[in-house]
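Structure file run29.txt (compact mmCIF, C-alpha atoms and all ligand atoms) follows.
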# COMPACT_ATOMS: atom_id res chain seq x y z
CA MET A 1 133.38 -281.77 -75.09
CA SER A 2 135.88 -283.50 -72.86
CA ALA A 3 138.96 -283.24 -75.08
CA GLN A 4 142.20 -283.49 -73.11
CA THR A 5 144.84 -280.84 -73.55
CA SER A 6 147.73 -282.58 -71.80
CA THR A 7 150.31 -284.17 -74.10
CA LYS A 8 151.60 -286.65 -71.52
CA ARG A 9 150.43 -290.17 -72.27
CA LEU A 10 148.54 -291.85 -69.45
CA THR A 11 150.12 -294.92 -67.87
CA ALA A 12 148.79 -298.03 -66.17
CA ARG A 13 149.76 -296.46 -62.84
CA ASP A 14 147.68 -293.35 -63.65
CA LEU A 15 144.66 -295.59 -64.21
CA LEU A 16 145.33 -297.56 -61.02
CA ASN A 17 145.38 -294.26 -59.13
CA ARG A 18 141.88 -293.51 -60.43
CA LYS A 19 140.36 -296.21 -58.19
CA GLY A 20 137.27 -294.65 -56.62
CA GLY A 21 137.92 -291.34 -58.40
CA VAL A 22 136.72 -289.86 -61.68
CA PRO A 23 135.44 -292.83 -63.72
CA ILE A 24 137.78 -294.14 -66.43
CA SER A 25 136.54 -293.74 -70.00
CA MET A 26 137.74 -296.52 -72.29
CA LEU A 27 136.84 -297.52 -75.85
CA THR A 28 138.24 -299.96 -78.34
CA ALA A 29 139.99 -298.80 -81.50
CA TYR A 30 141.69 -300.94 -84.09
CA ASP A 31 143.26 -298.59 -86.64
CA PHE A 32 145.25 -295.38 -86.95
CA GLY A 33 142.43 -293.13 -88.18
CA MET A 34 139.82 -293.98 -85.56
CA ALA A 35 142.42 -294.09 -82.77
CA ARG A 36 143.42 -290.52 -83.69
CA LEU A 37 139.79 -289.35 -83.36
CA VAL A 38 139.16 -291.18 -80.10
CA ASP A 39 142.48 -290.49 -78.35
CA PRO A 40 141.90 -286.94 -77.04
CA HIS A 41 138.60 -287.87 -75.43
CA VAL A 42 139.31 -291.08 -73.48
CA ASP A 43 141.69 -292.31 -70.80
CA CYS A 44 142.34 -295.69 -72.33
CA ILE A 45 142.10 -297.31 -75.76
CA LEU A 46 141.76 -301.06 -75.93
CA VAL A 47 142.97 -302.79 -79.06
CA GLY A 48 140.51 -305.57 -78.32
CA ASP A 49 140.59 -308.95 -79.97
CA SER A 50 136.95 -308.10 -80.77
CA LEU A 51 138.65 -306.75 -83.92
CA GLY A 52 138.37 -310.32 -85.21
CA MET A 53 134.59 -310.03 -85.22
CA VAL A 54 134.22 -306.30 -85.88
CA HIS A 55 136.84 -305.81 -88.61
CA HIS A 56 137.59 -309.29 -89.93
CA GLY A 57 134.13 -310.87 -89.92
CA PHE A 58 134.94 -313.88 -87.71
CA THR A 59 132.08 -315.25 -85.60
CA SER A 60 134.23 -315.22 -82.44
CA THR A 61 137.57 -313.90 -81.21
CA VAL A 62 139.12 -317.38 -81.25
CA PRO A 63 140.77 -317.13 -84.73
CA VAL A 64 142.60 -313.87 -83.89
CA THR A 65 146.40 -314.24 -83.92
CA LEU A 66 149.27 -312.46 -82.21
CA ASP A 67 150.41 -311.03 -85.56
CA MET A 68 146.95 -309.49 -86.11
CA MET A 69 147.05 -307.90 -82.65
CA ILE A 70 150.52 -306.51 -83.33
CA LEU A 71 149.51 -305.07 -86.72
CA HIS A 72 146.42 -303.31 -85.31
CA GLY A 73 148.14 -302.42 -82.01
CA SER A 74 151.01 -300.60 -83.68
CA ALA A 75 148.63 -298.64 -85.94
CA VAL A 76 146.64 -297.52 -82.88
CA VAL A 77 149.76 -296.48 -80.97
CA ARG A 78 150.91 -294.42 -83.99
CA GLY A 79 147.54 -292.64 -83.99
CA THR A 80 147.61 -291.70 -80.30
CA SER A 81 149.54 -289.57 -77.86
CA HIS A 82 147.26 -289.18 -74.84
CA ALA A 83 145.42 -292.39 -73.92
CA LEU A 84 146.94 -295.50 -72.43
CA VAL A 85 146.89 -298.15 -75.18
CA VAL A 86 146.16 -301.69 -73.98
CA VAL A 87 146.49 -304.59 -76.42
CA ASP A 88 144.54 -307.82 -75.93
CA MET A 89 146.53 -311.03 -75.78
CA PRO A 90 144.70 -313.32 -78.24
CA PHE A 91 143.45 -316.84 -77.52
CA GLY A 92 146.31 -319.34 -77.32
CA SER A 93 149.06 -316.78 -76.79
CA TYR A 94 149.24 -316.83 -72.96
CA GLU A 95 147.36 -319.76 -71.38
CA GLU A 96 150.10 -322.41 -71.73
CA SER A 97 152.50 -321.05 -69.10
CA PRO A 98 153.66 -317.78 -67.54
CA GLN A 99 156.84 -318.06 -69.64
CA VAL A 100 154.97 -318.34 -72.94
CA ALA A 101 152.74 -315.45 -71.86
CA PHE A 102 155.80 -313.35 -71.00
CA ARG A 103 157.46 -314.06 -74.35
CA ASN A 104 154.34 -313.14 -76.32
CA ALA A 105 153.45 -310.12 -74.18
CA THR A 106 157.03 -308.87 -74.62
CA ARG A 107 156.60 -309.14 -78.40
CA VAL A 108 153.37 -307.15 -78.20
CA MET A 109 154.91 -304.42 -76.04
CA GLN A 110 158.08 -304.13 -78.15
CA ALA A 111 156.42 -304.28 -81.56
CA THR A 112 153.48 -301.99 -80.83
CA GLY A 113 154.72 -299.54 -78.20
CA ALA A 114 151.54 -300.19 -76.15
CA GLY A 115 151.56 -299.47 -72.43
CA ALA A 116 149.87 -302.65 -71.22
CA VAL A 117 148.29 -305.95 -72.24
CA LYS A 118 144.96 -307.49 -71.30
CA LEU A 119 144.24 -311.15 -70.81
CA GLU A 120 141.13 -313.13 -69.93
CA GLY A 121 140.68 -315.36 -66.89
CA GLY A 122 140.58 -315.10 -63.11
CA ARG A 123 142.13 -317.52 -60.63
CA ARG A 124 143.53 -319.77 -63.36
CA MET A 125 145.54 -316.83 -64.80
CA ALA A 126 146.67 -315.33 -61.47
CA GLU A 127 150.12 -316.92 -61.56
CA THR A 128 150.66 -315.62 -65.11
CA ILE A 129 149.49 -312.11 -64.22
CA ARG A 130 151.91 -312.06 -61.29
CA PHE A 131 154.76 -313.32 -63.51
CA LEU A 132 154.19 -310.55 -66.07
CA ALA A 133 153.52 -307.76 -63.56
CA GLU A 134 156.66 -308.55 -61.57
CA ARG A 135 158.67 -308.36 -64.80
CA GLY A 136 157.46 -304.93 -65.86
CA ILE A 137 154.44 -305.74 -68.02
CA PRO A 138 151.29 -303.97 -66.80
CA VAL A 139 148.35 -306.35 -67.06
CA MET A 140 144.64 -305.58 -67.24
CA GLY A 141 142.54 -308.58 -66.21
CA HIS A 142 139.18 -309.63 -67.67
CA VAL A 143 136.64 -311.68 -65.70
CA GLY A 144 132.93 -312.45 -65.84
CA MET A 145 132.00 -313.37 -69.39
CA THR A 146 135.25 -314.17 -71.18
CA PRO A 147 134.57 -314.25 -74.94
CA GLN A 148 137.65 -316.33 -75.80
CA ALA A 149 135.98 -319.22 -73.92
CA ILE A 150 132.94 -319.13 -76.23
CA HIS A 151 133.30 -322.79 -77.21
CA ALA A 152 133.16 -323.81 -73.55
CA LEU A 153 130.47 -321.26 -72.58
CA GLY A 154 128.19 -321.97 -75.55
CA SER A 155 127.00 -318.36 -75.89
CA PHE A 156 127.89 -314.74 -75.13
CA ARG A 157 125.13 -314.53 -72.47
CA ALA A 158 125.45 -312.76 -69.13
CA VAL A 159 127.10 -314.77 -66.36
CA GLY A 160 126.76 -314.79 -62.57
CA ARG A 161 123.17 -316.03 -62.50
CA SER A 162 123.48 -318.22 -59.40
CA ASP A 163 125.08 -317.66 -55.98
CA ALA A 164 127.76 -320.21 -56.86
CA GLU A 165 128.60 -318.47 -60.15
CA ARG A 166 128.67 -315.07 -58.43
CA ALA A 167 131.09 -316.39 -55.82
CA VAL A 168 133.38 -317.68 -58.58
CA ILE A 169 133.39 -314.29 -60.36
CA MET A 170 134.13 -312.46 -57.10
CA ALA A 171 137.00 -314.88 -56.36
CA ASP A 172 138.32 -314.39 -59.91
CA ALA A 173 138.32 -310.59 -59.56
CA GLN A 174 140.07 -310.81 -56.18
CA ALA A 175 142.69 -313.21 -57.55
CA VAL A 176 143.45 -310.91 -60.50
CA ALA A 177 143.82 -307.91 -58.18
CA GLU A 178 146.03 -309.80 -55.70
CA ALA A 179 148.21 -311.03 -58.57
CA GLY A 180 149.10 -307.44 -59.48
CA ALA A 181 146.78 -306.45 -62.33
CA PHE A 182 146.37 -302.66 -62.50
CA ALA A 183 142.69 -302.85 -63.52
CA VAL A 184 140.13 -305.47 -64.46
CA VAL A 185 137.38 -305.59 -67.07
CA ILE A 186 134.22 -307.20 -65.72
CA GLU A 187 131.95 -308.25 -68.54
CA ALA A 188 128.26 -309.09 -68.70
CA ILE A 189 127.41 -309.42 -65.03
CA GLU A 190 124.51 -307.87 -63.15
CA GLU A 191 124.73 -304.53 -61.36
CA PRO A 192 124.75 -305.72 -57.71
CA LEU A 193 127.70 -308.07 -58.29
CA ALA A 194 129.63 -305.47 -60.32
CA ALA A 195 129.10 -302.95 -57.52
CA GLU A 196 130.13 -305.50 -54.87
CA ILE A 197 133.33 -306.38 -56.75
CA THR A 198 134.12 -302.69 -57.20
CA ARG A 199 133.86 -302.17 -53.44
CA ALA A 200 135.83 -305.33 -52.63
CA ILE A 201 138.99 -304.95 -54.72
CA PRO A 202 141.67 -302.26 -54.62
CA ILE A 203 142.06 -301.86 -58.40
CA PRO A 204 139.72 -300.13 -60.87
CA THR A 205 136.90 -302.21 -62.32
CA ILE A 206 136.01 -301.42 -65.94
CA GLY A 207 132.48 -302.51 -66.72
CA ILE A 208 131.04 -303.64 -70.02
CA GLY A 209 127.35 -304.35 -69.66
CA GLY A 210 128.02 -304.16 -65.92
CA SER A 211 127.11 -301.23 -63.71
CA ALA A 212 127.56 -297.47 -63.42
CA GLN A 213 129.11 -298.26 -60.02
CA CYS A 214 132.26 -299.60 -61.75
CA ASP A 215 135.37 -297.43 -61.70
CA GLY A 216 135.17 -297.09 -65.48
CA GLN A 217 133.38 -298.26 -68.61
CA VAL A 218 134.43 -299.76 -71.92
CA LEU A 219 132.49 -300.28 -75.14
CA VAL A 220 133.37 -301.56 -78.58
CA LEU A 221 133.74 -298.39 -80.67
CA ASP A 222 131.86 -299.69 -83.70
CA ASP A 223 128.93 -300.69 -81.47
CA MET A 224 128.53 -297.29 -79.78
CA LEU A 225 128.98 -295.46 -83.10
CA GLY A 226 126.20 -297.47 -84.72
CA ILE A 227 128.42 -299.18 -87.29
CA SER A 228 128.16 -302.80 -86.10
CA THR A 229 125.27 -304.83 -87.46
CA ARG A 230 124.70 -306.93 -84.31
CA VAL A 231 125.20 -305.31 -80.91
CA PRO A 232 124.60 -306.59 -77.40
CA ARG A 233 121.37 -305.29 -75.82
CA PHE A 234 123.18 -303.25 -73.17
CA VAL A 235 125.01 -301.06 -75.72
CA LYS A 236 123.90 -297.44 -75.96
CA LYS A 237 124.31 -296.05 -79.48
CA PHE A 238 125.88 -292.59 -79.29
CA ALA A 239 125.73 -292.05 -83.07
CA ASP A 240 124.33 -293.62 -86.22
CA LEU A 241 127.42 -293.71 -88.42
CA ALA A 242 125.99 -296.50 -90.57
CA SER A 243 123.36 -294.04 -91.84
CA VAL A 244 125.89 -291.21 -92.20
CA VAL A 245 128.18 -293.42 -94.32
CA GLY A 246 125.28 -294.88 -96.31
CA ASP A 247 123.87 -291.42 -97.11
CA ALA A 248 127.28 -290.03 -98.12
CA VAL A 249 128.07 -292.97 -100.39
CA GLN A 250 124.59 -292.84 -101.96
CA SER A 251 125.00 -289.10 -102.73
CA TYR A 252 128.41 -289.77 -104.24
CA THR A 253 127.07 -292.52 -106.50
CA GLN A 254 124.15 -290.30 -107.59
CA GLU A 255 126.54 -287.48 -108.50
CA VAL A 256 128.90 -289.82 -110.35
CA GLN A 257 126.05 -291.38 -112.32
CA SER A 258 124.49 -288.04 -113.22
CA ARG A 259 127.92 -286.73 -114.34
CA ARG A 260 127.82 -283.96 -111.74
CA PHE A 261 130.97 -285.25 -110.04
CA PRO A 262 133.66 -284.06 -109.90
CA ALA A 263 132.27 -280.53 -109.91
CA PRO A 264 134.79 -277.97 -111.28
CA GLU A 265 135.98 -276.95 -107.82
CA HIS A 266 137.00 -280.57 -107.13
CA THR A 267 139.12 -281.11 -110.23
CA TYR A 268 142.86 -280.60 -110.45
CA PRO A 269 143.61 -276.86 -110.65
CA ARG A 270 144.37 -275.82 -114.22
CA LYS A 271 147.91 -274.52 -114.73
CA GLU A 272 147.80 -270.82 -115.62
O1 LIG B 1 138.02 -307.45 -77.20
C1 LIG B 1 137.40 -306.52 -76.67
O2 LIG B 1 136.97 -305.56 -77.31
C2 LIG B 1 137.16 -306.59 -75.24
C3 LIG B 1 136.18 -305.64 -74.67
C4 LIG B 1 134.84 -305.96 -75.12
C5 LIG B 1 136.30 -305.55 -73.19
O3 LIG B 1 137.73 -307.41 -74.57

Starting from the file, lay out its structure as structure tokens.
Amino acid sequence: MSAQTSTKRLTARDLLNRKGGVPISMLTAYDFGMARLVDPHVDCILVGDSLGMVHHGFTSTVPVTLDMMILHGSAVVRGTSHALVVVDMPFGSYEESPQVAFRNATRVMQATGAGAVKLEGGRRMAETIRFLAERGIPVMGHVGMTPQAIHALGSFRAVGRSDAERAVIMADAQAVAEAGAFAVVIEAIEEPLAAEITRAIPIPTIGIGGSAQCDGQVLVLDDMLGISTRVPRFVKKFADLASVVGDAVQSYTQEVQSRRFPAPEHTYPRKE
């Protein structure tokens, strides 16, 4: 068990300092209860906009709003004391201009108490990342497959399949690092490119479906716990919570229907 004992919350700078060191363990969480369980065991919790698909049943992250991110983000911060909490900036909340991004990222930081924000995009977002970072907002980048662009991409498939595409992804990662991001998620690219990017840039790379050579890894919590119904092929299931929940609820219903529940020890204590 890798539970942390320190009570000091990790910061974006702590994660930056982990470049090339002990790999960074990061998972998503979207609510108070799960965040509390995950917090002692990871370095970073991402309140990902994947919550739109995982917890709200949308088919993409596009419908997720800033208010949704703030609601979930503040619950996660309340449930944690150790991990750095990073909140995703949702689609439409940061692309227009660095100023709009700053205003919305400020709202996220103030309303949730999170330690950083994440936004998708490489070279096209570099100016915005610099604007935020220079004004005290730690930014995690996200390059490779960027799910908010699903309507332009057409699918959530792996990217970087040609030399030209690989060069673009490398340039995106370098631009994000040069702009002042403290770390960058690289999603759905093949191992050699992930390893090359990790060697080339001075900030930690956090892989998702990438490579063990990254400086850290992130997964969607519900996917690795076996709760999600559809998971990407690269996800390793570390538990089968869907079966655990199903079995528990089935036993409960059987006991209720056979009038065995509540058993005497689970009723209100009788007053003597
Ligand atoms: O929204 C999310 O959960 C993410 C991770 C998959 C990296 O961006």

Selection within 6 Å of ligand LIG 1 (chain B) by only C-alpha atoms and all ligand atoms, output as number ranges by chain: A: 28, 48-50, 220

Counting only C-alpha atoms, the residue of A:Pro262, A:Gly122, A:Phe58, A:Leu51 that sits nearest Val168 (chain A):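 Answer, going by the shortest atom-to-atom distance: A:Gly122.
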
Work out how far CA of Gly216 (chain A) is from CA of Asp172 (chain A), in Å to one decimal. 18.4 Å

Please, what distance in Å, to one decimal, runs between CA of Met140 (chain A) and CA of Ser93 (chain A)? 15.4 Å

Residue among A:Gln110, A:Thr59, A:Ser97, A:Gln148 lying closest to Thr128 (chain A), counting only C-alpha atoms: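 Closest to Thr128 (chain A), using only C-alpha atoms: A:Ser97.
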
Asp215 (chain A): which residues within 6 Å, counting all atoms listed in the file, same-chain residues fewer than 4 positions away excluded, as a VMD selection string? chain A and resid 23 204 to 206
